[in-house]
Amino acid sequence: MTYSTTGNLFSKSPAEPIVETDAPLAERMRPRTLAEFVGQSHLVGEGRILRRLLDGSTNLPSLVLWGAPGTGKTTLARLLAEKTESRFIALSAVFSGVKDLRAAIADAGRERKFGVRTILFIDEIHRFNKGQQDALLHAVENGTVTLIGATTENPSFEVTGALLSRCRVLVLNPLSPAEVKTILERAIADEQRGLAKLHPQVSDDLLERLAHSSGGDARVALAALDAAVESTAPDGTGVRAITNETIIEALGRAHYAYDKGGEEHYNLASALIKSLRNSDVNASLYWLARMIEGGADPVFIARRLCILASEDIGLADPQAMVQAAAAADIVQLIGMPEGLFPLSQATIYLARAPKSNAVKNAYHAAATDAAETSREPVPLHLRNAVTPLMKQVGYGEGYRYVHNDPNAKDEMDCLPESLRGRKYFEEEE
């Protein structure tokens, strides 16, 4: 089987690619079989699509693998190539152009004459422009290559419709902390490819914290573990005792300090919202930066801004909700890191906007009455008389159409009899 790199498209290698001992730990620990693969059970579990493809029980279509970094996109592509006994040509859209694509396709065409199938793997395919993506169409259409594209961006926006229609999109989920921990434990125990020869000693709690702080990215976790072990001197018995401080420095202090599922996550979110409510622009930006730099989900932040825009500003500045909603939409469209700009703009706007909780108070007051009068019938004049019988028993009787009868606004009550005159929303000067 042929494994190819951007630098040398058609270099030969044995059935299992040789991994250099000085390669990054994440590369050395890349799963060689499906049994070693961790995560994505919705794709590789029994009876699932990739399991069927890997078992050879169905033909391999062209695929677009969409998922966050470090979730197994490249590994799955390599496993598919091995299981289907296909040549594997890997290109990176960052370094490759149309010339590289044409060379790979031409080589695949020659091999096809001898009955050899070629998988063309393109990492970060979303970085190819329309012309580069169009250069793939004919080869994918006629089967010269089976395309497997990997992307961290929404393919609906970044991959052309013509190419997308020729591929099946599979979504990879971020790894859970438990899955990342399993990968770390294997790296620590592996004598040949892992760190066992260095005799690292890492507590279970420290492994769990590292796994939790990696944001579902196995590559980040393995790189941090590798750096921590390499930077720790062995003691007299050769053991390298990894400390919390070493892991923090290896992973990055801001990233490590932010625990997406722990108390600090909610403490930071609370600090942001309360600073916004208090119209403190600088504090709001600070807490926003703490969350973003720590690796918080930008969509979570955008949701919180949208809530505050209505709960704490509301009709005091109706544009606040527009700003927050626009930021939420843009963040989902462009992702990070560029998404920090619309989030910052919305944060500044919301902090500076006049504050009012009148909408919140009005709803809660209405909800209290609604709960206490839940069996209060709807007044007859507000009911629709959709059948003759309904009209006969008085449905709709006395209803006044305000467009034809402007006085109805002041003279026709729309609350139940027991709540006549009740006011929930108080106009603020």
# chains A, B, ... in the order shown; residues from 1 in each chain; ligands from 1
$ residues_around --residues "stretch 314-319 of chain A" --least-positions-apart "3" --cutoff "7 Å" --atoms "only C-alpha atoms" --output "list in words"
Ala309, Ser310, Glu311, Val322, Gln323, Ala353, Pro354, Lys355, Ser356, Asn357 and Val359 of chain A
$ residues_around --residues "A:Pro177" --least-positions-apart "3" --cutoff "9 Å" --atoms "only C-alpha atoms" --output "list in words"
Val180, Lys181, Thr182, Glu208, Arg209, Leu210, Ala211, His212, Ser213, Ser214, Gly215 and Gly216 of chain A
$ select_by_dssp --residues "stretch 19-235 of chain A" --states "strand (DSSP E)" --output "number ranges by chain"
A: 63-67, 87-92, 118-123, 146-151, 168-172, 200-201
$ closest_residue --among "A:Pro24, A:Ile119, A:Leu175, A:Pro155" --to "A:Val38" --atoms "only C-alpha atoms"
A:Leu175
$ atom_distance --atom1 "atom CA of A:Leu198" --atom2 "atom CA of A:Ser176"
26.9 Å
$ closest_residue --among "A:Met321, A:Ile122, A:Ala90, A:Leu389" --to "A:Ala302" --atoms "only C-alpha atoms"
A:Met321
$ residues_around --residues "A:Gly394" --least-positions-apart "6" --cutoff "12 Å" --atoms "only C-alpha atoms" --output "list of chain:residue names"
A:Pro379, A:Leu380, A:His381, A:Leu382, A:Arg383, A:Asn384, A:Ala385, A:Val386, A:Thr387, A:Pro388
$ residues_around --residues "A:Glu191" --least-positions-apart "6" --cutoff "12 Å" --atoms "only C-alpha atoms" --output "short mmCIF file (atom, residue, chain, number, x, y, z; two decimals) with all heavy atoms, in the first residue's frame"
data_model
loop_
_atom_site.label_atom_id
_atom_site.label_comp_id
_atom_site.auth_asym_id
_atom_site.auth_seq_id
_atom_site.Cartn_x
_atom_site.Cartn_y
_atom_site.Cartn_z
N THR A 21 10.88 7.30 15.64
CA THR A 21 10.89 7.37 17.09
C THR A 21 10.88 8.80 17.60
O THR A 21 10.51 9.05 18.75
CB THR A 21 12.14 6.65 17.65
OG1 THR A 21 13.31 7.23 17.05
CG2 THR A 21 12.08 5.17 17.33
N ARG A 28 2.98 8.78 16.95
CA ARG A 28 3.45 7.44 17.30
C ARG A 28 2.30 6.57 17.81
O ARG A 28 2.27 5.36 17.57
CB ARG A 28 4.54 7.52 18.37
CG ARG A 28 5.75 8.34 17.98
CD ARG A 28 6.96 8.00 18.82
NE ARG A 28 6.77 8.04 20.25
CZ ARG A 28 6.97 9.09 21.04
NH1 ARG A 28 7.33 10.25 20.49
NH2 ARG A 28 6.80 9.02 22.35
N MET A 29 1.36 7.18 18.53
CA MET A 29 0.26 6.42 19.13
C MET A 29 -0.96 6.32 18.22
O MET A 29 -2.00 5.83 18.65
CB MET A 29 -0.14 7.06 20.46
CG MET A 29 0.89 6.93 21.56
SD MET A 29 1.32 5.22 21.93
CE MET A 29 -0.26 4.57 22.46
N LYS A 197 9.04 3.55 28.44
CA LYS A 197 10.49 3.45 28.63
C LYS A 197 11.04 4.60 29.47
O LYS A 197 12.13 4.50 30.05
CB LYS A 197 11.20 3.41 27.28
CG LYS A 197 10.96 2.13 26.50
CD LYS A 197 11.70 2.15 25.17
CE LYS A 197 11.46 0.85 24.41
NZ LYS A 197 12.15 0.86 23.09
N LEU A 198 10.29 5.69 29.52
CA LEU A 198 10.73 6.84 30.32
C LEU A 198 10.24 6.76 31.77
O LEU A 198 10.58 7.62 32.57
CB LEU A 198 10.23 8.14 29.68
CG LEU A 198 10.76 8.43 28.27
CD1 LEU A 198 10.14 9.71 27.73
CD2 LEU A 198 12.29 8.52 28.27
N HIS A 199 9.43 5.73 32.07
CA HIS A 199 8.93 5.47 33.42
C HIS A 199 8.21 6.66 34.04
O HIS A 199 8.56 7.13 35.13
CB HIS A 199 10.09 5.04 34.33
CG HIS A 199 10.89 3.90 33.78
ND1 HIS A 199 10.37 2.64 33.63
CD2 HIS A 199 12.18 3.86 33.32
CE1 HIS A 199 11.31 1.84 33.11
NE2 HIS A 199 12.40 2.56 32.90
N PRO A 200 7.19 7.18 33.33
CA PRO A 200 6.44 8.31 33.92
C PRO A 200 5.52 7.82 35.04
O PRO A 200 5.00 6.71 35.01
CB PRO A 200 5.62 8.82 32.73
CG PRO A 200 5.42 7.62 31.87
CD PRO A 200 6.66 6.79 32.01
#
$ select_by_dssp --residues "stretch 249-408 of chain A" --states "helix (DSSP H, G or I)" --output "ChimeraX atom specification"
/A:249-251,253-257,263-277,281-294,298-316,319-334,340-352,358-372,380-382,388-392,408
$ residues_around --residues "A:Leu170" --least-positions-apart "6" --cutoff "12 Å" --atoms "only C-alpha atoms" --output "PyMOL selection string"
chain A and resi 40+42-44+48-50+61-67+72-73+76-77+148-152+154-155+164
$ atom_distance --atom1 "atom CA of A:Cys306" --atom2 "atom CA of A:Glu264"
21.2 Å
